[in-house]
file entry-v6.cif (mmCIF, C-alpha atoms and all ligand atoms)
data_my_file
loop_
_atom_site.label_atom_id
_atom_site.label_comp_id
_atom_site.auth_asym_id
_atom_site.auth_seq_id
_atom_site.Cartn_x
_atom_site.Cartn_y
_atom_site.Cartn_z
CA MET A 1 7.49 10.21 -17.43
CA MET A 2 4.49 9.33 -15.24
CA THR A 3 1.82 6.96 -16.55
CA PRO A 4 -1.89 7.98 -16.25
CA ALA A 5 -2.17 5.58 -13.29
CA GLU A 6 0.77 7.26 -11.56
CA GLU A 7 -0.72 10.69 -12.19
CA PHE A 8 -3.97 9.51 -10.59
CA LEU A 9 -2.09 8.10 -7.56
CA ARG A 10 -0.03 11.27 -7.15
CA ASP A 11 -3.12 13.49 -7.34
CA TYR A 12 -5.19 11.23 -5.06
CA HIS A 13 -2.51 11.16 -2.35
CA ASP A 14 -1.74 14.86 -2.75
CA ARG A 15 -5.44 15.52 -2.08
CA ASN A 16 -5.50 13.04 0.85
CA PRO A 17 -1.95 13.09 2.24
CA ALA A 18 -2.72 11.21 5.47
CA ALA A 19 -5.28 8.78 3.99
CA ALA A 20 -3.09 5.68 3.58
CA SER A 21 -1.63 5.71 7.09
CA GLU A 22 -4.93 6.68 8.74
CA LEU A 23 -6.56 3.73 7.03
CA ALA A 24 -3.76 1.36 8.06
CA ASP A 25 -3.84 2.68 11.62
CA ARG A 26 -7.53 1.75 11.92
CA GLY A 27 -6.43 -1.88 11.68
CA ARG A 28 -4.84 -4.05 14.33
CA VAL A 29 -2.61 -7.10 13.92
CA GLY A 30 -2.69 -8.97 17.22
CA GLY A 31 -3.42 -5.67 19.00
CA ARG A 32 -0.55 -3.75 17.33
CA SER A 33 -0.37 -1.41 14.37
CA VAL A 34 0.05 -2.79 10.86
CA TYR A 35 3.35 -0.91 10.53
CA GLU A 36 4.70 -2.45 13.76
CA ALA A 37 3.77 -5.94 12.56
CA PHE A 38 5.31 -5.33 9.11
CA ALA A 39 8.48 -3.86 10.66
CA ASP A 40 9.06 -7.17 12.51
CA HIS A 41 9.88 -8.67 9.09
CA VAL A 42 12.40 -5.91 8.38
CA GLY A 43 14.38 -6.33 11.60
CA GLN A 44 16.90 -3.62 12.50
CA PRO A 45 19.05 -2.90 9.44
CA GLY A 46 21.43 0.07 9.58
CA SER A 47 19.88 1.67 6.50
CA VAL A 48 16.47 1.37 4.79
CA LEU A 49 14.86 2.74 1.63
CA ASP A 50 11.03 2.67 1.43
CA LEU A 51 9.51 2.50 -2.07
CA GLY A 52 6.12 4.28 -2.10
CA CYS A 53 6.73 5.48 1.44
CA GLY A 54 3.56 7.59 1.59
CA ASP A 55 3.48 9.84 4.65
CA GLY A 56 6.37 8.01 6.33
CA ALA A 57 4.44 5.93 8.87
CA LEU A 58 6.59 2.82 8.34
CA LEU A 59 9.86 4.78 8.22
CA ALA A 60 8.94 6.39 11.56
CA VAL A 61 8.49 2.95 13.14
CA LEU A 62 11.87 1.84 11.75
CA ALA A 63 13.48 5.05 13.06
CA GLY A 64 12.02 4.23 16.48
CA ARG A 65 13.65 0.77 16.30
CA GLY A 66 17.08 2.23 15.69
CA THR A 67 17.62 2.33 11.91
CA GLY A 68 19.89 5.35 11.45
CA LYS A 69 19.87 5.98 7.69
CA LEU A 70 16.36 6.30 6.28
CA ALA A 71 15.16 7.17 2.80
CA GLY A 72 11.89 7.10 0.93
CA ILE A 73 10.47 7.85 -2.47
CA ASP A 74 6.87 8.57 -3.40
CA LEU A 75 4.91 10.08 -6.29
CA SER A 76 3.10 12.41 -3.89
CA ALA A 77 5.16 15.33 -2.60
CA LYS A 78 2.37 16.31 -0.17
CA GLN A 79 2.72 13.00 1.63
CA LEU A 80 6.46 13.55 1.93
CA ASP A 81 5.73 16.92 3.58
CA VAL A 82 3.71 15.04 6.23
CA ALA A 83 6.53 12.49 6.58
CA ARG A 84 9.11 15.21 7.24
CA GLY A 85 7.11 16.23 10.34
CA ARG A 86 7.23 12.75 11.89
CA ALA A 87 9.42 11.91 14.88
CA GLY A 88 12.75 10.46 13.75
CA LEU A 89 12.45 11.55 10.11
CA ALA A 90 13.95 15.06 10.22
CA ASP A 91 17.13 13.75 8.52
CA ALA A 92 15.49 11.16 6.28
CA ASP A 93 16.24 11.44 2.57
CA LEU A 94 12.70 11.77 1.18
CA ARG A 95 12.39 12.23 -2.58
CA PRO A 96 9.40 12.85 -4.81
CA GLY A 97 9.60 10.57 -7.83
CA ARG A 98 9.07 7.15 -9.39
CA ALA A 99 10.47 3.94 -7.95
CA GLN A 100 11.29 2.94 -11.54
CA GLU A 101 14.06 5.58 -11.51
CA LEU A 102 15.66 5.65 -8.07
CA PRO A 103 17.75 8.75 -7.34
CA PHE A 104 20.02 6.80 -4.97
CA GLU A 105 23.59 5.46 -5.20
CA ASP A 106 24.50 1.86 -6.06
CA ASP A 107 24.99 -0.53 -3.09
CA SER A 108 23.80 2.04 -0.58
CA TYR A 109 21.06 0.34 1.53
CA ASP A 110 20.94 -2.72 3.80
CA ALA A 111 17.22 -3.14 3.17
CA VAL A 112 14.55 -1.92 0.76
CA VAL A 113 10.93 -2.12 1.87
CA SER A 114 7.62 -1.46 0.16
CA HIS A 115 4.33 -1.62 2.06
CA MET A 116 1.16 -1.77 -0.07
CA ALA A 117 2.88 0.09 -2.90
CA LEU A 118 4.88 -2.27 -5.17
CA MET A 119 1.57 -3.88 -6.19
CA LEU A 120 0.52 -0.50 -7.68
CA MET A 121 3.66 -0.03 -9.75
CA SER A 122 3.82 -0.55 -13.49
CA ASP A 123 7.04 -1.59 -15.23
CA VAL A 124 7.77 -3.55 -12.06
CA GLU A 125 10.84 -5.26 -13.59
CA LYS A 126 12.44 -1.82 -13.69
CA VAL A 127 11.55 -1.17 -10.03
CA ILE A 128 13.10 -4.52 -9.07
CA ALA A 129 16.23 -3.88 -11.15
CA GLU A 130 16.61 -0.48 -9.46
CA THR A 131 16.10 -2.12 -6.05
CA ALA A 132 18.86 -4.64 -6.81
CA ARG A 133 21.13 -1.77 -7.89
CA VAL A 134 20.75 0.29 -4.69
CA LEU A 135 20.86 -2.69 -2.28
CA ARG A 136 24.14 -3.86 -0.79
CA PRO A 137 25.08 -7.49 -1.64
CA GLY A 138 23.04 -9.71 0.67
CA GLY A 139 20.60 -6.85 1.34
CA ALA A 140 16.95 -7.58 2.18
CA PHE A 141 13.84 -6.72 0.15
CA VAL A 142 10.61 -6.81 2.20
CA ILE A 143 7.36 -6.39 0.30
CA GLY A 144 3.81 -6.08 1.64
CA VAL A 145 0.97 -6.61 -0.85
CA GLY A 146 -2.79 -6.75 -0.42
CA GLY A 147 -4.24 -10.25 -0.10
CA GLY A 148 -7.95 -9.40 -0.13
CA GLY A 149 -10.65 -8.67 2.42
CA THR A 150 -12.73 -10.83 4.76
CA ASP A 151 -16.23 -10.44 6.23
CA ALA A 152 -17.53 -6.90 5.62
CA LEU A 153 -14.72 -6.05 3.19
CA GLU A 154 -15.63 -9.07 1.12
CA VAL A 155 -19.30 -8.03 1.16
CA PHE A 156 -18.33 -4.50 0.18
CA LEU A 157 -16.41 -5.70 -2.89
CA LYS A 158 -19.28 -7.94 -3.92
CA VAL A 159 -21.72 -5.00 -3.98
CA ALA A 160 -19.21 -2.44 -5.26
CA ARG A 161 -17.72 -4.35 -8.21
CA PRO A 162 -20.79 -4.09 -10.48
CA LEU A 163 -20.96 -0.36 -9.71
CA PHE A 164 -17.25 0.19 -10.42
CA ALA A 165 -17.80 -1.55 -13.78
CA VAL A 166 -20.45 0.91 -14.95
CA VAL A 167 -18.62 4.14 -14.08
CA ALA A 168 -18.53 6.38 -17.16
CA GLU A 169 -15.37 5.91 -19.19
CA ASP A 170 -14.11 9.45 -18.61
CA ARG A 171 -14.32 8.90 -14.82
CA GLN A 172 -12.69 5.46 -14.69
CA ILE A 173 -9.62 5.12 -12.45
CA PRO A 174 -6.66 3.99 -14.58
CA THR A 175 -5.57 0.42 -13.80
CA SER A 176 -2.31 0.33 -11.88
CA GLY A 177 0.23 -2.34 -11.10
CA ASP A 178 1.21 -5.74 -12.37
CA PRO A 179 -0.79 -8.75 -11.06
CA ARG A 180 2.46 -10.77 -10.74
CA SER A 181 3.55 -8.54 -7.86
CA ARG A 182 0.57 -9.77 -5.77
CA THR A 183 1.43 -13.48 -5.72
CA ARG A 184 4.30 -15.56 -4.38
CA GLU A 185 4.86 -17.27 -7.75
CA GLY A 186 4.68 -13.95 -9.61
CA LEU A 187 7.18 -12.30 -7.28
CA ASP A 188 9.59 -15.24 -7.54
CA ALA A 189 9.39 -15.01 -11.33
CA LEU A 190 10.10 -11.27 -11.21
CA LEU A 191 12.76 -11.30 -8.49
CA GLY A 192 14.83 -14.35 -9.50
CA PRO A 193 16.23 -12.91 -12.77
CA ALA A 194 17.26 -9.73 -10.88
CA GLY A 195 19.42 -11.80 -8.49
CA PHE A 196 17.07 -12.32 -5.52
CA ALA A 197 16.54 -15.58 -3.63
CA SER A 198 13.09 -17.25 -3.55
CA VAL A 199 10.74 -15.32 -1.31
CA GLU A 200 9.62 -16.36 2.15
CA TRP A 201 5.90 -15.76 2.48
CA HIS A 202 4.07 -14.57 5.59
CA GLN A 203 0.53 -13.33 6.21
CA LEU A 204 -0.70 -10.53 8.42
CA LEU A 205 -4.41 -10.63 9.25
CA VAL A 206 -5.52 -7.08 9.90
CA ASP A 207 -8.60 -6.68 12.09
CA LEU A 208 -10.71 -3.76 10.84
CA SER A 209 -13.90 -4.63 12.75
CA GLY A 210 -15.91 -1.89 14.39
CA PRO A 211 -19.25 -0.10 14.40
CA PRO A 212 -20.94 -0.41 10.98
CA ASP A 213 -20.48 3.28 10.10
CA SER A 214 -16.74 3.18 10.74
CA VAL A 215 -16.38 -0.10 8.81
CA TRP A 216 -18.23 1.54 5.92
CA GLN A 217 -15.70 4.38 6.03
CA THR A 218 -12.82 1.86 6.06
CA CYS A 219 -14.24 0.06 3.00
CA HIS A 220 -14.82 3.43 1.32
CA ASP A 221 -11.20 4.47 1.93
CA THR A 222 -9.66 1.11 0.92
CA TYR A 223 -10.53 1.13 -2.78
CA TYR A 224 -9.28 3.88 -5.10
CA GLN A 225 -12.23 3.16 -7.47
CA VAL A 226 -14.65 4.73 -4.93
CA ASP A 227 -13.09 8.04 -5.95
CA ALA A 228 -14.73 7.69 -9.39
CA LEU A 229 -18.29 7.37 -8.06
CA ASP A 230 -20.66 10.35 -8.15
CA GLU A 231 -22.84 11.30 -5.14
CA THR A 232 -25.81 9.20 -6.29
CA GLN A 233 -23.69 6.11 -6.96
CA LEU A 234 -21.98 6.54 -3.59
CA MET A 235 -25.31 6.77 -1.74
CA GLY A 236 -26.53 3.69 -3.62
CA LEU A 237 -23.38 1.81 -2.65
CA ARG A 238 -23.73 2.80 0.99
CA THR A 239 -27.31 1.55 1.13
CA ALA A 240 -26.47 -1.69 -0.69
CA PHE A 241 -23.53 -2.30 1.67
CA LYS A 242 -25.67 -1.61 4.74
CA VAL A 243 -28.30 -4.10 3.63
CA ALA A 244 -25.82 -6.76 2.54
CA SER A 245 -23.69 -6.57 5.70
CA ARG A 246 -26.56 -6.33 8.24
CA SER A 247 -26.65 -10.06 8.98
CA LEU A 248 -22.93 -10.00 9.93
CA VAL A 249 -23.36 -7.49 12.77
CA ALA A 250 -22.67 -9.13 16.15
CA PRO A 251 -25.02 -8.70 19.15
CA ASP A 252 -22.64 -6.07 20.59
CA GLY A 253 -23.03 -3.99 17.40
CA THR A 254 -19.60 -4.83 15.93
CA LEU A 255 -19.36 -5.47 12.21
CA PRO A 256 -16.48 -7.92 11.58
CA ALA A 257 -14.03 -6.93 8.86
CA GLY A 258 -10.52 -7.97 8.03
CA ALA A 259 -7.83 -7.64 5.41
CA LEU A 260 -4.88 -9.83 4.57
CA ILE A 261 -1.45 -8.42 3.88
CA ASN A 262 0.98 -10.87 2.30
CA VAL A 263 4.57 -10.17 3.25
CA ALA A 264 7.31 -11.46 0.94
CA THR A 265 10.89 -11.33 2.19
CA THR A 266 13.96 -12.05 0.11
CA ARG A 267 17.68 -11.25 -0.17
CA LEU A 268 19.99 -10.24 -2.95
CA THR A 269 22.21 -13.25 -3.54
C1 LIG A 301 -1.52 2.53 -0.59
S1 LIG A 301 -0.30 3.77 -0.52
C2 LIG A 301 0.78 3.11 0.73
C3 LIG A 301 1.68 4.16 1.33
C4 LIG A 301 2.63 3.66 2.42
N1 LIG A 301 3.57 2.68 1.94
C5 LIG A 301 1.86 3.13 3.60
O1 LIG A 301 1.78 1.91 3.76
O2 LIG A 301 1.33 3.94 4.37
C6 LIG A 301 0.63 3.52 -2.01
C7 LIG A 301 1.72 4.54 -2.23
O3 LIG A 301 2.55 4.13 -3.32
C8 LIG A 301 2.92 5.29 -4.03
N2 LIG A 301 3.35 4.87 -5.38
C9 LIG A 301 2.63 4.18 -6.29
N3 LIG A 301 3.35 3.98 -7.41
C10 LIG A 301 4.57 4.53 -7.20
C11 LIG A 301 5.76 4.64 -7.99
N4 LIG A 301 5.83 4.13 -9.22
N5 LIG A 301 6.83 5.27 -7.45
C12 LIG A 301 6.77 5.80 -6.20
N6 LIG A 301 5.66 5.73 -5.40
C13 LIG A 301 4.57 5.10 -5.90
C14 LIG A 301 1.66 6.14 -4.01
O4 LIG A 301 1.93 7.49 -4.30
C15 LIG A 301 1.18 5.92 -2.58
O5 LIG A 301 1.72 6.85 -1.69
#
call {"tool": "encode", "arguments": {"input": "entry-v6.cif", "output": "structure tokens"}}
result
Amino acid sequence: MMTPAEEFLRDYHDRNPAAASELADRGRVGGRSVYEAFADHVGQPGSVLDLGCGDGALLAVLAGRGTGKLAGIDLSAKQLDVARGRAGLADADLRPGRAQELPFEDDSYDAVVSHMALMLMSDVEKVIAETARVLRPGGAFVIGVGGGGTDALEVFLKVARPLFAVVAEDRQIPTSGDPRSRTREGLDALLGPAGFASVEWHQLLVDLSGPPDSVWQTCHDTYYQVDALDETQLMGLRTAFKVASRSLVAPDGTLPAGALINVATTRLT
């Protein structure tokens, strides 16, 4: 059964089926897309399952690099509809559902990946146990989790946090995820008992700089809590952000903004 947080995530992504990949595609890691940079850590396994695959942007990159057997699971069926239209994913096994209960066979994938999704999952021990079950012995688990914002994103959070805290109780976004899945130590503690080796830890610095209005939109789209704000609160936040970020704007009009994605890679021992 879905938790309230999962129901929120399903409804949010059903309403905005392309939001996650559009947001990621606004960023650049050394001039390339976030998905391309993340896929470098996955390599070219013969088969991959993506937990919280969204609209299939990462799976499409892996298909383009030669992975033949592709599967994904996500709470939001509308995103999976978008994924089915992507190049290389016509035969992908895309299932609506929860990563805590994987509808896949034991020992059936060379790699399991999860980009910006594991960190949102509750009962994460169950997700990891299911991952260990469906992975072949020696299979890889590659996890991308948010590592915070820099420059304008940092400013945005500073001005937004007090506003998020005063949203009426009946509009609050349910808290999702387990904080342990965001840190190296937390992931090691979760993964070790399920039979995984200690994680290797890498960082992707995503450049989200641009004209102030587009950076505002990026900040707006990055945090689910913005969805809980009413029109007046949103206008207030926009003004506060504009004022607080003004001094960062470069002479050419660019507002610097960045986000860190921590990539943990491990193998089933
Ligand atoms: C920030 S989006 C990232 C989507 C995609 N991985 C990407 O990078 O474009 C997080 C995704 O995780 C999915 N998700 C969250 N919890 C989940 C769960 N327990 N089982 C399956 N999917 C989940 C959400 O529905 C959403 O599509």
call {"tool": "residues_around", "arguments": {"input": "entry-v6.cif", "residues": "A:Pro256", "least_positions_apart": "3", "cutoff": "10 Å", "atoms": "all atoms listed in the file", "output": "ChimeraX atom specification"}}
result
/A:150-153,207-212,215,245,248-250,253
call {"tool": "closest_residue", "arguments": {"input": "entry-v6.cif", "among": "A:Gln172, A:Tyr224, A:Pro193, A:Gly149", "to": "ligand LIG 301 (chain A)", "atoms": "only C-alpha atoms and all ligand atoms"}}
result
A:Tyr224
call {"tool": "residues_near_ligand", "arguments": {"input": "entry-v6.cif", "ligand": "ligand LIG 301 (chain A)", "cutoff": "7 Å", "atoms": "all atoms listed in the file", "output": "ChimeraX atom specification"}}
result
/A:6,9-10,13,20-21,24,51-58,73-76,97-100,114-118,120-122
call {"tool": "residues_around", "arguments": {"input": "entry-v6.cif", "residues": "A:Asp178", "least_positions_apart": "5", "cutoff": "12 Å", "atoms": "all atoms listed in the file", "output": "VMD selection string"}}
result
chain A and resid 5 117 to 127 145 183 186 to 187 190
call {"tool": "closest_residue", "arguments": {"input": "entry-v6.cif", "among": "A:Thr232, A:Asp252, A:Tyr109, A:Leu62", "to": "A:His41", "atoms": "all atoms listed in the file"}}
result
A:Leu62
call {"tool": "residues_around", "arguments": {"input": "entry-v6.cif", "residues": "A:Leu268", "least_positions_apart": "2", "cutoff": "9 Å", "atoms": "all atoms listed in the file", "output": "PyMOL selection string"}}
result
chain A and resi 132+135-141+194-197+266
call {"tool": "axis_aligned_box", "arguments": {"input": "entry-v6.cif", "around": "stretch 223-233 of chain A", "padding_each_side": "4 Å", "output": "AutoDock Vina command-line options"}}
result
--center_x -17.5 --center_y 6.2 --center_z -6.1 --size_x 24.5 --size_y 18.2 --size_z 14.6
call {"tool": "atom_distance", "arguments": {"input": "entry-v6.cif", "atom1": "atom CA of A:Ile261", "atom2": "atom CA of A:Pro45"}}
result
21.9 Å
call {"tool": "atom_distance", "arguments": {"input": "entry-v6.cif", "atom1": "atom CA of A:Ala244", "atom2": "atom CA of A:Phe156"}}
result
8.2 Å
call {"tool": "closest_residue", "arguments": {"input": "entry-v6.cif", "among": "A:Asp106, A:Glu169, A:Asp188, A:Asp14", "to": "A:Thr265", "atoms": "only C-alpha atoms"}}
result
A:Asp188
call {"tool": "closest_residue", "arguments": {"input": "entry-v6.cif", "among": "A:Ala71, A:Val34, A:Leu237, A:Val29", "to": "A:Gly46", "atoms": "all atoms listed in the file"}}
result
A:Ala71
call {"tool": "atom_distance", "arguments": {"input": "entry-v6.cif", "atom1": "atom CA of A:Thr67", "atom2": "atom CA of A:Asn16"}}
result
27.8 Å
